[in-house]
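What follows is a set of notes on a single structure, which appears directly below.
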Amino acid sequence: MDLQNFLNMGGYAGYVWTAYGLTSLVLVLNWWSARRRESEELTSARRRMSIEKENRT
Amino acid sequence: MRRAATLHAARLVFRRDLTLAWRRWDEVAQPLIFYAVVTTLFPLATTPDLAQLRTISGGVVWVAALLSSLLALESLFRSDVEDGTMEQWVLSGQPVGWLLLAKVAAHWVLTGLPLVVMSPIVGTALGLPFDAWGTLIVSLLLGTATLSILGGIGAALTVGVRRGSVLLSLLVLPLAMPLLIFGSRAVGMAMDGDSPAGPLQLLAAIFFLVLSLGPLAMSAAIRISVES
Amino acid sequence: MWTWFHKFASPPHAYRLLGTLAPWFGWPALALILLAAWWGLVEAPADYQQGDAFRILYVHAPSAWMSMFTYVVMAVAAAIGLIWRIKLAHAAAAAAAPIGASFTFLALATGSIWGKPMWGTWWVWDARLTSELILLFLYLGYMALRSSFDDPQRADRASAVLAIVGVINVPIIHYSVEWWTTLHQPASVTKFDRPSIDISMLIPLFIMIAGFQFYFGWAICRRLRGEILRRERNATWLKEAS
């Protein structure tokens, strides 16, 4: 299959590429949101720890 | 001895709920009025032509019955949880499931059963033929009873939640979809002259499944709500 | 054996273990998904009837499969949490829910997109799509119930009951919807069924499913870590670890 046919998908380009695009989007979003959640929790934990340390001293 | 005590307690609970509701019968009437109102919406939204309405009459009657039952379910356990009765029950050592089932049964007598009685009238208003009355009544008897138990599980889970009735509907309606499919299809088949035995038997099977497992889920759910 | 299990289920150990495991799921997932995508889009022959549009199968079917797989995982984790009172299991169920809901959404969206060129409509009430839609409602209901409680213990346990009730219902829902669609004999009865697929067309499907499974493993590791952090925010081990 050459590049032209690949992009054109036999005339169904809009459907096929939207479907694959959506899939990629959902997978990437899940990846990004999981990572962001974790780092947010870590930063807030660290912040709380330093506040507690300050309060103790 | 234990069993007799539990049944006795359940009977007392059943009678008590009926008596309490009898004193506030206007509250009991509300879901029934809602039923009539919602059914009226459909011809207004589509067509006054009975021939056309007939094709959707079974479905509309069923959907309206489901929604009306759900409305009344939210408050099923609320007052007992609020005044501490539920906590007493959980701590009492009685199998709570039976007591909860008694409450659900009382609720069904007050809501589900009247809906079933109303349904042929409501159905006729939508063009439902007399031949289908029997199937309509049997399917709704099974369906509303099953829904009361499913709703009881949902109500036990959502006790005390703000605007819990919306959440309750959201939780219970997807679980009730099979009931809707089989129930309205049974009515449709009866209208076409076919035997509705198949879907009615499936409805009965679901009812017995829910009847046997439901009290277990309800008691787990109410324990969780009360112990928190 | 139980000591090992309880050791694993303790938050600091789980946190560390999940962190080590994640890349072992993540990299294979990426590789498999890319391989499957390339194979499905390029190597596999076009379908006789549907042309290149059938390639949507390679993202639709795995999404649908994962949506159901995740629901079962969620329900099993919830049951374990409820019966043996293991908080980590409840956390796993909570972590799985959004992943499952995204797969369900994806299955519905790709199914709808596939339907348009093939059957002419954006939506079709066939058995698979309708069941997926109801599954989405179950996921959303689960997440709504969780978020309606401030008390995390009540949230965990109430949603666990709901998940268990739901999972028992799923086969009933599937059967009833199947039954419902066969009654009215739509124009094309088996919409996305294929009478016989050539093996060369099936390979990218299996690779994609494997890729999605690894992706799920990765995603649940990461999300579960986040859940543990959130639940253990005041614990001493966290203080010492940071």
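Within each chain, counting starts at residue 1; across the structure tokens, chains are named A, B, ... in the order shown, with ligands numbered 1 upward in that order.
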*Taking only C-alpha atoms into account, what are the residues of chain C at most 7 Å from chain A, put as a list in words?*
Val42, Gly51, Asp52, Ala53, Arg55, Ile56, Val59, Ser102, Leu106, Thr110, Ile113, Trp114, Ala219, Arg222, Arg223, Arg225, Gly226, Leu229, Arg230, Arg233, Lys239 and Ser242 of chain C
Put those residues in a file: C-alpha atoms, as a short mmCIF file (atom, residue, chain, number, x, y, z; two decimals), in the first residue's frame.
data_model
loop_
_atom_site.label_atom_id
_atom_site.label_comp_id
_atom_site.auth_asym_id
_atom_site.auth_seq_id
_atom_site.Cartn_x
_atom_site.Cartn_y
_atom_site.Cartn_z
CA VAL C 42 -1.24 -1.36 6.22
CA GLY C 51 -13.20 -1.89 2.01
CA ASP C 52 -10.80 -0.08 4.26
CA ALA C 53 -13.51 1.04 6.67
CA ARG C 55 -10.04 -1.46 9.81
CA ILE C 56 -11.97 0.38 12.50
CA VAL C 59 -9.80 -0.33 17.65
CA SER C 102 -12.97 5.48 28.77
CA LEU C 106 -14.26 4.54 22.94
CA THR C 110 -15.72 3.92 17.25
CA ILE C 113 -18.15 5.99 13.45
CA TRP C 114 -17.98 2.55 11.89
CA ALA C 219 -2.78 2.38 33.61
CA ARG C 222 -0.20 4.33 37.76
CA ARG C 223 -3.71 5.15 38.89
CA ARG C 225 -0.30 4.60 42.92
CA GLY C 226 -2.14 7.89 42.76
CA LEU C 229 -0.99 8.55 47.71
CA ARG C 230 -4.36 10.20 48.08
CA ARG C 233 -1.73 11.37 52.73
CA LYS C 239 6.48 11.30 55.28
CA SER C 242 9.22 11.89 50.37
#
*asked:* Give me the residues near stretch 209-219 of chain B as a PyMOL selection string, where near means some atom within 7 Å (using only C-alpha atoms) and where sequence neighbours in that chain fewer than 4 positions away do not count.
replied: (chain B and resi 96-98+100-101+146+149-150+152-153+156+205+223) or (chain C and resi 161)
*Contacts of B:Val81 at 9 Å (only C-alpha atoms; same-chain gap of 3+ positions) as a PyMOL selection string*: chain B and resi 77-78+84-87+159-160+222+225-226
*Can you list, as a PyMOL selection string, every residue of stretch 88-204 of chain C that DSSP puts in alpha helix (DSSP H)?*
chain C and resi 88-119+127-147+152-184+199-204
*chain B residues near chain C (8 Å cut-off, only C-alpha atoms) as a VMD selection string*: chain B and resid 157 to 158 161 167 170 to 171 174 to 175 177 to 178 181 to 182 217 220 to 221 224 to 225 228
*What is the atom CA of B:Glu227 to atom CA of B:Gln88 distance in Å?*
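Computed distance, atom CA of B:Glu227 to atom CA of B:Gln88, equals 11.3 Å.
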Within 8 Å of stretch 63-68 of chain B using only C-alpha atoms, minus same-chain residues under 2 positions, as a PDB file with C-alpha atoms, in the first residue's frame:
ATOM      1  CA  PRO B  31     -46.598   8.735  42.624  1.00  0.00           C
ATOM      2  CA  LEU B  32     -49.949   7.576  41.277  1.00  0.00           C
ATOM      3  CA  PHE B  34     -47.395  11.322  38.611  1.00  0.00           C
ATOM      4  CA  TYR B  35     -48.134   8.129  36.724  1.00  0.00           C
ATOM      5  CA  VAL B  38     -46.451  11.261  32.716  1.00  0.00           C
ATOM      6  CA  THR B  39     -48.629   9.004  30.614  1.00  0.00           C
ATOM      7  CA  GLY B  59     -43.781   0.663  26.355  1.00  0.00           C
ATOM      8  CA  VAL B  60     -45.157   3.961  27.606  1.00  0.00           C
ATOM      9  CA  VAL B  61     -47.189   2.340  30.367  1.00  0.00           C
ATOM     10  CA  LEU B  70     -38.615   5.105  41.492  1.00  0.00           C
ATOM     11  CA  LEU B  71     -39.898   8.456  42.687  1.00  0.00           C
ATOM     12  CA  ALA B  72     -41.394   6.919  45.766  1.00  0.00           C
ATOM     13  CA  LEU B 115     -49.880   1.375  39.788  1.00  0.00           C
ATOM     14  CA  THR B 144     -42.927  -3.470  39.967  1.00  0.00           C
ATOM     15  CA  LEU B 147     -38.145  -2.918  40.853  1.00  0.00           C
ATOM     16  CA  LEU B 180     -38.507  -3.075  30.685  1.00  0.00           C
TER      17      LEU B 180
END
Set the distance at 10 Å and use only C-alpha atoms: which residues neighbour C:Gly40 once local chain neighbours fewer than 6 positions away are removed? I'd like the list as a tab-separated table (two decimals) with C-alpha atoms, in the first residue's frame.
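Output (result-v9.tsv):
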chain	number	residue	atom	x	y	z
C	34	LEU	CA	1.84	0.49	17.42
C	46	ALA	CA	-8.97	-4.66	2.68
C	52	ASP	CA	-10.80	-0.08	4.26
C	54	PHE	CA	-13.45	-2.37	8.36
C	55	ARG	CA	-10.04	-1.46	9.81
C	56	ILE	CA	-11.97	0.38	12.50
C	57	LEU	CA	-12.61	-3.10	13.90
C	58	TYR	CA	-9.05	-3.12	15.19
C	59	VAL	CA	-9.80	-0.33	17.65
C	200	SER	CA	-4.53	-12.57	8.17
C	201	MET	CA	-7.23	-10.15	9.20
C	202	LEU	CA	-7.44	-11.52	12.73
C	203	ILE	CA	-3.78	-11.22	13.70
C	204	PRO	CA	-3.74	-7.43	14.16
C	205	LEU	CA	-6.90	-7.82	16.26
C	207	ILE	CA	-2.10	-8.02	18.86
C	208	MET	CA	-4.21	-4.96	19.59
